[in-house]
Amino acid sequence: MRNNTARESGKPFSRPQSGTRRLASALLGVSLGLLALGAQALGCRSATPAEAAVYTVPQLMPGVTSPRDGTCFIGGLRIPGSDGTLLSANVFLPKADPSGAKAPGVMFISSWAAADFFEYVGQQQRLAQQGYVAFAYTARGFWGSEGTVGVAGPADVADASSMLDWLSTNTPADPQRLASAGISYGAGLSLLAAARDSRIKAVVAMSGWASLIEQMYRNEVPNPIWLDILQLSGQLTGRLDPLVASYNSLLQNPDTPAAKIGEIASWAWARSPSSAVPQLNSRQVPVMLVKNWQDDMFSPNSSMTLFTALSGPKKLLLQSGIHASAELPGAVLGVDQHIWTQAQRWLARWLKNEANGIDTEPKVDLQPKFQGYRELLSNWPAPELKTQTLYLQPRGAIRWDWRCVCTRGWTGGLGGAPSGDTVSDRIGNSSDTTASSGPLPVLSPLMESVGLPVINHQATILWGNGIRYEGDWLRSPLKLRGIPSLQLRIKPSQARGMVVAYLYDVDAAGFGTLISHGARAWHQAQPGQAMNLGLDLVATAYDAPAGHYLALVLDTRDPLYGNPVRAGESFEYSLEFAPGQTQRLTLQSR
């Protein structure tokens, strides 16, 4: 029998019940009831013959050593955090080593609104079968963990160290061979904890964030759908710091002063793994990042920037999926998935010292959108990619052109040379166009992630509210990789407004498949005065076939992006073309 007696606090466990949390509390009670069957004693015993005959999953027989593989599950733990706050946890123990040797340990930190009793149990069991102590805890303030959700604040980060203390003292985990892993909130906390605690020898961070303010307010544009989802889910399953609702409201209010936005940005930066890069680099912490192309909550861009800044051993996996969708089947159910296979290899290399080659392979492993294959890039930025610049060529006024016996002015161009014309292309926000990141936020990118793209016929984009710039027919396939970047010269009609950009792959019939999108707002412009505006679209990997063409569409609003003006407030802007003033789209491709 293992000696796994826990150091449990005598502090009574209490969790306030409010109307908004009754459903979550009921679910928690049912789940913890099952776990508590084996939580009275933290040692593991052999299964009786009757138990062995009916043994199915370890969670149904906590504290009983599996007659199949020798692992043991212990749930319903209450472990003191950094300030004595009790946090809910569980642990899967590997088959006992006859020599008494210590085992490598992996600490999983729960996602936002998720809990240890379900989120990682499938992967924990897989790791225990591979010889790891696989521990998981619920971040403070959520479900059965006491305290207030501090949004990866100092207490949340310090809790990880307290959990490592318990893990090192009460399980066979070797304190010299520990890793931290997590999805979403757990990913960010794992990186922040690794920067603080030298016992963490490797990190696996899936669907996390790098710069928190960039995810909440990227390019001065709020992320209202996902901000509201985070707030609501947090209120249903936990106890949020009141700042969460306050900051959410302020970010979505176009009248919030710049000084207040700066205050929120400072608060967010302290909770951003990007701020911890110097500490991670000083210890050369091995970091694996996993990101999904359609993740509108935490887009890949800032994580790719973080990846570039890391100087230690690193790996980046990119694939289709909305926030956390690609990782959850392997986490919860333990099913075979490429990303979890690579995560297991990463842990084996740095905790077991297995020479499995993952540290010498190309650093970037990606799956292009709508494709069934994966490919490797040596690093990011990838030196094997080539850069292509397409210059925007103005549409100008609608006019008859005798040279082509056609009407011009409906669309502009995307060409290999800048325009020498002096002309303006003007649109306003009186109505939205049919161009969008997806007609149904969350659902549209989810459908895209399983192979059903967002499609729009280009002829339906209204002339007065959107601008189309169309390229030449592709003579050969174009494999786009990375972050499309726009440089524009804008003349706004008022101090605030927004440009939304869409990049399409258009077929001969005029139907465009959305490749990527992005938005940028301005809040303190000089009306009538031209200004340069940079805009990065969401990172992507997309294969455009020969016989199609690229189209760039610009308009003023999108259901995904928060409006920088009050309801009913109008604005216009024009793209200003003149000799020496280039407006361009920069792409990278294989």
# chains A, B, ... in the order shown; residues from 1 in each chain; ligands from 1

call {"tool": "residues_around", "arguments": {"residues": "segment 374-377 of chain A", "least_positions_apart": "3", "cutoff": "12 Å", "atoms": "only C-alpha atoms", "output": "PDB file with N, CA and C atoms, in the first residue's frame"}}
result
ATOM      1  N   LYS A 315       8.060  23.956 -28.831  1.00  0.00           N
ATOM      2  CA  LYS A 315       7.306  23.268 -29.874  1.00  0.00           C
ATOM      3  C   LYS A 315       5.973  23.984 -30.012  1.00  0.00           C
ATOM      4  N   LEU A 316       5.505  24.143 -31.274  1.00  0.00           N
ATOM      5  CA  LEU A 316       4.225  24.803 -31.547  1.00  0.00           C
ATOM      6  C   LEU A 316       3.396  23.916 -32.452  1.00  0.00           C
ATOM      7  N   LEU A 317       2.185  23.567 -31.997  1.00  0.00           N
ATOM      8  CA  LEU A 317       1.242  22.795 -32.784  1.00  0.00           C
ATOM      9  C   LEU A 317       0.045  23.663 -33.114  1.00  0.00           C
ATOM     10  N   LEU A 318      -0.347  23.680 -34.392  1.00  0.00           N
ATOM     11  CA  LEU A 318      -1.467  24.487 -34.871  1.00  0.00           C
ATOM     12  C   LEU A 318      -2.391  23.607 -35.683  1.00  0.00           C
ATOM     13  N   GLN A 319      -3.708  23.720 -35.448  1.00  0.00           N
ATOM     14  CA  GLN A 319      -4.684  22.903 -36.149  1.00  0.00           C
ATOM     15  C   GLN A 319      -6.063  23.557 -36.090  1.00  0.00           C
ATOM     16  N   SER A 320      -6.997  22.967 -36.819  1.00  0.00           N
ATOM     17  CA  SER A 320      -8.358  23.492 -36.810  1.00  0.00           C
ATOM     18  C   SER A 320      -9.029  23.236 -35.470  1.00  0.00           C
ATOM     19  N   HIS A 338      -3.357  13.419 -32.130  1.00  0.00           N
ATOM     20  CA  HIS A 338      -1.992  13.819 -32.468  1.00  0.00           C
ATOM     21  C   HIS A 338      -1.429  14.794 -31.440  1.00  0.00           C
ATOM     22  N   ILE A 339      -2.218  15.782 -31.038  1.00  0.00           N
ATOM     23  CA  ILE A 339      -1.677  16.795 -30.131  1.00  0.00           C
ATOM     24  C   ILE A 339      -1.316  16.196 -28.772  1.00  0.00           C
ATOM     25  N   GLU A 361      13.419  17.776 -33.786  1.00  0.00           N
ATOM     26  CA  GLU A 361      12.553  17.863 -34.954  1.00  0.00           C
ATOM     27  C   GLU A 361      12.241  19.327 -35.266  1.00  0.00           C
ATOM     28  N   PRO A 362      11.688  19.618 -36.469  1.00  0.00           N
ATOM     29  CA  PRO A 362      11.216  20.983 -36.736  1.00  0.00           C
ATOM     30  C   PRO A 362      10.273  21.445 -35.632  1.00  0.00           C
ATOM     31  N   LYS A 363      10.352  22.714 -35.296  1.00  0.00           N
ATOM     32  CA  LYS A 363       9.666  23.218 -34.102  1.00  0.00           C
ATOM     33  C   LYS A 363       8.171  23.473 -34.307  1.00  0.00           C
ATOM     34  N   VAL A 364       7.731  23.635 -35.539  1.00  0.00           N
ATOM     35  CA  VAL A 364       6.326  23.957 -35.802  1.00  0.00           C
ATOM     36  C   VAL A 364       5.669  22.797 -36.546  1.00  0.00           C
ATOM     37  N   ASP A 365       4.543  22.350 -36.018  1.00  0.00           N
ATOM     38  CA  ASP A 365       3.782  21.214 -36.565  1.00  0.00           C
ATOM     39  C   ASP A 365       2.364  21.730 -36.782  1.00  0.00           C
ATOM     40  N   LEU A 366       1.941  21.861 -38.055  1.00  0.00           N
ATOM     41  CA  LEU A 366       0.641  22.478 -38.321  1.00  0.00           C
ATOM     42  C   LEU A 366      -0.212  21.665 -39.285  1.00  0.00           C
ATOM     43  N   GLN A 367      -1.508  21.863 -39.165  1.00  0.00           N
ATOM     44  CA  GLN A 367      -2.491  21.282 -40.080  1.00  0.00           C
ATOM     45  C   GLN A 367      -3.204  22.423 -40.796  1.00  0.00           C
ATOM     46  N   PRO A 368      -3.090  22.523 -42.139  1.00  0.00           N
ATOM     47  CA  PRO A 368      -3.809  23.576 -42.857  1.00  0.00           C
ATOM     48  C   PRO A 368      -5.318  23.405 -42.700  1.00  0.00           C
ATOM     49  N   LYS A 369      -6.025  24.517 -42.734  1.00  0.00           N
ATOM     50  CA  LYS A 369      -7.485  24.485 -42.640  1.00  0.00           C
ATOM     51  C   LYS A 369      -8.071  23.648 -43.776  1.00  0.00           C
ATOM     52  N   PHE A 370      -9.078  22.857 -43.453  1.00  0.00           N
ATOM     53  CA  PHE A 370      -9.846  22.037 -44.397  1.00  0.00           C
ATOM     54  C   PHE A 370      -8.994  20.939 -45.045  1.00  0.00           C
ATOM     55  N   GLN A 371      -7.842  20.629 -44.456  1.00  0.00           N
ATOM     56  CA  GLN A 371      -6.973  19.603 -45.018  1.00  0.00           C
ATOM     57  C   GLN A 371      -6.764  18.488 -43.997  1.00  0.00           C
ATOM     58  N   TRP A 380       9.356  29.413 -35.999  1.00  0.00           N
ATOM     59  CA  TRP A 380       8.498  30.546 -36.311  1.00  0.00           C
ATOM     60  C   TRP A 380       9.149  31.818 -35.783  1.00  0.00           C
ATOM     61  N   PRO A 381       9.390  32.812 -36.646  1.00  0.00           N
ATOM     62  CA  PRO A 381       9.098  32.832 -38.081  1.00  0.00           C
ATOM     63  C   PRO A 381       9.841  31.728 -38.820  1.00  0.00           C
ATOM     64  N   ALA A 382       9.252  31.267 -39.928  1.00  0.00           N
ATOM     65  CA  ALA A 382       9.792  30.134 -40.670  1.00  0.00           C
ATOM     66  C   ALA A 382      10.633  30.628 -41.840  1.00  0.00           C
ATOM     67  N   PRO A 383      11.939  30.358 -41.839  1.00  0.00           N
ATOM     68  CA  PRO A 383      12.782  30.855 -42.930  1.00  0.00           C
ATOM     69  C   PRO A 383      12.451  30.243 -44.280  1.00  0.00           C
ATOM     70  N   GLU A 384      11.775  29.090 -44.291  1.00  0.00           N
ATOM     71  CA  GLU A 384      11.440  28.464 -45.572  1.00  0.00           C
ATOM     72  C   GLU A 384      10.225  29.077 -46.255  1.00  0.00           C
ATOM     73  N   LEU A 385       9.540  29.984 -45.579  1.00  0.00           N
ATOM     74  CA  LEU A 385       8.400  30.661 -46.190  1.00  0.00           C
ATOM     75  C   LEU A 385       8.877  31.865 -47.004  1.00  0.00           C
ATOM     76  N   LYS A 479      -0.072  28.168 -51.127  1.00  0.00           N
ATOM     77  CA  LYS A 479      -0.158  27.650 -49.765  1.00  0.00           C
ATOM     78  C   LYS A 479       0.195  28.767 -48.786  1.00  0.00           C
ATOM     79  N   ARG A 481       0.614  30.620 -45.302  1.00  0.00           N
ATOM     80  CA  ARG A 481       0.991  30.224 -43.955  1.00  0.00           C
ATOM     81  C   ARG A 481       1.316  31.475 -43.142  1.00  0.00           C
ATOM     82  N   GLY A 482       0.773  31.568 -41.960  1.00  0.00           N
ATOM     83  CA  GLY A 482       1.153  32.663 -41.083  1.00  0.00           C
ATOM     84  C   GLY A 482       0.107  33.742 -40.926  1.00  0.00           C
ATOM     85  N   ALA A 541      -3.401  28.882 -41.970  1.00  0.00           N
ATOM     86  CA  ALA A 541      -2.709  28.048 -42.953  1.00  0.00           C
ATOM     87  C   ALA A 541      -3.796  27.581 -43.904  1.00  0.00           C
ATOM     88  N   TYR A 542      -3.680  27.949 -45.172  1.00  0.00           N
ATOM     89  CA  TYR A 542      -4.766  27.709 -46.129  1.00  0.00           C
ATOM     90  C   TYR A 542      -4.177  27.451 -47.505  1.00  0.00           C
ATOM     91  N   SER A 589       3.908  32.375 -47.778  1.00  0.00           N
ATOM     92  CA  SER A 589       3.463  31.123 -48.391  1.00  0.00           C
ATOM     93  C   SER A 589       4.637  30.172 -48.544  1.00  0.00           C
ATOM     94  N   ARG A 590       4.308  28.911 -48.791  1.00  0.00           N
ATOM     95  CA  ARG A 590       5.340  27.896 -49.023  1.00  0.00           C
ATOM     96  C   ARG A 590       5.761  27.918 -50.476  1.00  0.00           C
TER      97      ARG A 590
END

call {"tool": "residues_around", "arguments": {"residues": "Ile109 of chain A", "least_positions_apart": "4", "cutoff": "6 Å", "atoms": "only C-alpha atoms", "output": "NGL selection string"}}
result
:A and (136-137 or 182 or 186)

call {"tool": "write_last_selection", "arguments": {"atoms": "N, CA and C atoms", "output": "mmCIF file, in the first residue's frame"}}
result
data_model
loop_
_atom_site.group_PDB
_atom_site.id
_atom_site.type_symbol
_atom_site.label_atom_id
_atom_site.label_comp_id
_atom_site.auth_asym_id
_atom_site.auth_seq_id
_atom_site.Cartn_x
_atom_site.Cartn_y
_atom_site.Cartn_z
ATOM 1 N N ALA A 136 -4.372 16.739 -10.757
ATOM 2 C CA ALA A 136 -5.161 17.846 -11.313
ATOM 3 C C ALA A 136 -5.852 18.588 -10.186
ATOM 4 N N TYR A 137 -5.955 19.900 -10.328
ATOM 5 C CA TYR A 137 -6.703 20.677 -9.337
ATOM 6 C C TYR A 137 -7.547 21.730 -10.027
ATOM 7 N N GLY A 182 -2.010 22.385 -19.024
ATOM 8 C CA GLY A 182 -3.393 22.821 -18.906
ATOM 9 C C GLY A 182 -3.930 23.345 -20.214
ATOM 10 N N GLY A 186 -5.876 27.065 -17.591
ATOM 11 C CA GLY A 186 -4.802 26.230 -17.070
ATOM 12 C C GLY A 186 -3.512 26.378 -17.839
#

call {"tool": "select_by_dssp", "arguments": {"residues": "segment 305-524 of chain A", "states": "strand (DSSP E or B)", "output": "JSON, numbers by chain"}}
result
{"A": [314, 315, 316, 317, 318, 319, 364, 365, 366, 375, 376, 377, 386, 387, 388, 389, 390, 391, 392, 393, 399, 400, 401, 406, 407, 408, 412, 413, 414, 415, 423, 424, 425, 426, 427, 428, 455, 456, 457, 467, 468, 469, 470, 478, 479, 480, 481, 482, 485, 486, 487, 488, 489, 490, 491, 492, 497, 498, 499, 500, 501, 502, 503, 504, 505, 506, 511, 512, 513, 514, 515, 516, 517, 518, 519, 520, 521, 522]}

call {"tool": "atom_distance", "arguments": {"atom1": "atom CA of Ala509 of chain A", "atom2": "atom CA of Leu443 of chain A"}}
result
26.1 Å

call {"tool": "closest_residue", "arguments": {"among": "A:Pro453, A:Val244, A:Gly562, A:Thr48", "to": "Trp267 of chain A", "atoms": "only C-alpha atoms"}}
result
A:Val244

call {"tool": "select_by_dssp", "arguments": {"residues": "segment 387-570 of chain A", "states": "alpha helix (DSSP H)", "output": "list in words"}}
result
Leu443, Ser444, Pro445, Leu446, Met447, Glu448 and Ser449 of chain A

call {"tool": "closest_residue", "arguments": {"among": "A:Ser168, A:Ser145, A:Asn456, A:Ser275", "to": "Met107 of chain A", "atoms": "only C-alpha atoms"}}
result
A:Ser168

call {"tool": "closest_residue", "arguments": {"among": "A:Asp295, A:Glu354, A:Asp69, A:Glu576", "to": "Ser325 of chain A", "atoms": "only C-alpha atoms"}}
result
A:Asp295

call {"tool": "closest_residue", "arguments": {"among": "A:Ala331, A:Ala115, A:Met206, A:Ala173", "to": "Phe142 of chain A", "atoms": "only C-alpha atoms"}}
result
A:Ala115

call {"tool": "closest_residue", "arguments": {"among": "A:Val204, A:Ala50, A:Gly420, A:Thr237", "to": "Thr138 of chain A", "atoms": "only C-alpha atoms"}}
result
A:Thr237

call {"tool": "residues_around", "arguments": {"residues": "Leu537 of chain A", "least_positions_apart": "2", "cutoff": "8 Å", "atoms": "only C-alpha atoms", "output": "list in words"}}
result
Ile483, Pro484, Ser485, Leu486, Ala501, Ser516, His517, Gly518, Ala519, Leu535 and Ala539 of chain A

call {"tool": "residues_around", "arguments": {"residues": "Leu333 of chain A", "least_positions_apart": "3", "cutoff": "12 Å", "atoms": "only C-alpha atoms", "output": "JSON, numbers by chain"}}
result
{"A": [57, 118, 119, 120, 121, 122, 123, 124, 125, 126, 327, 328, 329, 330, 336, 337, 340]}

call {"tool": "atom_distance", "arguments": {"atom1": "atom CA of Leu414 of chain A", "atom2": "atom CA of Ser476 of chain A"}}
result
16.8 Å

call {"tool": "atom_distance", "arguments": {"atom1": "atom CA of Pro94 of chain A", "atom2": "atom CA of Gly208 of chain A"}}
result
28.1 Å

call {"tool": "residues_around", "arguments": {"residues": "Pro49 of chain A", "least_positions_apart": "4", "cutoff": "12 Å", "atoms": "only C-alpha atoms", "output": "JSON, numbers by chain"}}
result
{"A": [53, 54, 55, 64, 66, 67]}

call {"tool": "closest_residue", "arguments": {"among": "A:Ala158, A:Ala134, A:Val221, A:Ile261", "to": "Gly497 of chain A", "atoms": "only C-alpha atoms"}}
result
A:Val221

call {"tool": "residues_around", "arguments": {"residues": "Gly141 of chain A", "least_positions_apart": "6", "cutoff": "9 Å", "atoms": "only C-alpha atoms", "output": "mmCIF file with C-alpha atoms, in the first residue's frame"}}
result
data_model
loop_
_atom_site.group_PDB
_atom_site.id
_atom_site.type_symbol
_atom_site.label_atom_id
_atom_site.label_comp_id
_atom_site.auth_asym_id
_atom_site.auth_seq_id
_atom_site.Cartn_x
_atom_site.Cartn_y
_atom_site.Cartn_z
ATOM 1 C CA LEU A 87 -8.745 23.708 -3.576
ATOM 2 C CA GLY A 147 -11.801 31.666 -2.815
ATOM 3 C CA THR A 148 -12.353 34.220 -5.553
ATOM 4 C CA VAL A 149 -11.349 33.935 -9.197
ATOM 5 C CA GLY A 150 -8.462 36.351 -9.556
ATOM 6 C CA GLY A 234 -17.526 32.221 -14.487
ATOM 7 C CA THR A 237 -19.481 27.993 -11.890
ATOM 8 C CA GLY A 238 -17.533 30.234 -9.525
ATOM 9 C CA ARG A 239 -17.075 33.457 -7.656
ATOM 10 C CA LEU A 240 -15.528 36.157 -9.837
#

call {"tool": "residues_around", "arguments": {"residues": "Thr387 of chain A", "least_positions_apart": "6", "cutoff": "9 Å", "atoms": "only C-alpha atoms", "output": "ChimeraX atom specification"}}
result
/A:586-589

call {"tool": "write_last_selection", "arguments": {"atoms": "N, CA and C atoms", "output": "compact mmCIF listing (two decimals), in the first residue's frame"}}
result
# COMPACT_ATOMS: atom_id res chain seq x y z
N THR A 586 0.41 41.92 -47.15
CA THR A 586 1.61 41.08 -47.13
C THR A 586 1.24 39.68 -46.68
N LEU A 587 1.66 38.70 -47.47
CA LEU A 587 1.33 37.31 -47.22
C LEU A 587 2.61 36.48 -47.17
N GLN A 588 2.52 35.35 -46.47
CA GLN A 588 3.61 34.37 -46.48
C GLN A 588 3.08 33.06 -47.02
N SER A 589 3.91 32.38 -47.78
CA SER A 589 3.46 31.12 -48.39
C SER A 589 4.64 30.17 -48.54

call {"tool": "decode", "arguments": {"residues": "segment 533-551 of chain A", "atoms": "N, CA and C atoms", "output": "compact mmCIF listing (two decimals), in the first residue's frame"}}
result
# COMPACT_ATOMS: atom_id res chain seq x y z
N LEU A 533 -2.43 53.12 -41.01
CA LEU A 533 -3.07 52.15 -40.12
C LEU A 533 -2.55 50.76 -40.45
N GLY A 534 -1.99 50.09 -39.45
CA GLY A 534 -1.53 48.71 -39.62
C GLY A 534 -2.54 47.74 -39.03
N LEU A 535 -2.69 46.60 -39.66
CA LEU A 535 -3.70 45.62 -39.23
C LEU A 535 -3.23 44.22 -39.57
N ASP A 536 -3.09 43.36 -38.55
CA ASP A 536 -2.81 41.95 -38.77
C ASP A 536 -4.10 41.15 -38.72
N LEU A 537 -4.31 40.29 -39.71
CA LEU A 537 -5.45 39.38 -39.68
C LEU A 537 -5.10 38.18 -38.81
N VAL A 538 -6.07 37.34 -38.53
CA VAL A 538 -5.84 36.16 -37.70
C VAL A 538 -4.94 35.18 -38.46
N ALA A 539 -3.98 34.61 -37.76
CA ALA A 539 -3.05 33.65 -38.36
C ALA A 539 -3.81 32.48 -38.99
N THR A 540 -3.25 31.96 -40.07
CA THR A 540 -3.94 30.90 -40.79
C THR A 540 -2.95 30.04 -41.56
N ALA A 541 -3.40 28.88 -41.97
CA ALA A 541 -2.71 28.05 -42.95
C ALA A 541 -3.80 27.58 -43.90
N TYR A 542 -3.68 27.95 -45.17
CA TYR A 542 -4.77 27.71 -46.13
C TYR A 542 -4.18 27.45 -47.50
N ASP A 543 -4.72 26.44 -48.19
CA ASP A 543 -4.29 26.10 -49.54
C ASP A 543 -5.32 26.60 -50.55
N ALA A 544 -4.95 27.62 -51.33
CA ALA A 544 -5.83 28.15 -52.37
C ALA A 544 -5.48 27.46 -53.69
N PRO A 545 -6.45 26.88 -54.39
CA PRO A 545 -6.15 26.13 -55.61
C PRO A 545 -5.90 27.02 -56.81
N ALA A 546 -5.23 26.48 -57.80
CA ALA A 546 -5.05 27.18 -59.06
C ALA A 546 -6.43 27.39 -59.69
N GLY A 547 -6.57 28.50 -60.45
CA GLY A 547 -7.84 28.81 -61.08
C GLY A 547 -8.77 29.63 -60.22
N HIS A 548 -8.37 29.91 -58.98
CA HIS A 548 -9.10 30.82 -58.10
C HIS A 548 -8.34 32.13 -58.01
N TYR A 549 -8.88 33.11 -57.28
CA TYR A 549 -8.16 34.34 -57.02
C TYR A 549 -8.41 34.80 -55.60
N LEU A 550 -7.51 35.62 -55.07
CA LEU A 550 -7.66 36.18 -53.73
C LEU A 550 -8.44 37.48 -53.81
N ALA A 551 -9.27 37.71 -52.81
CA ALA A 551 -10.01 38.97 -52.70
C ALA A 551 -9.90 39.49 -51.27
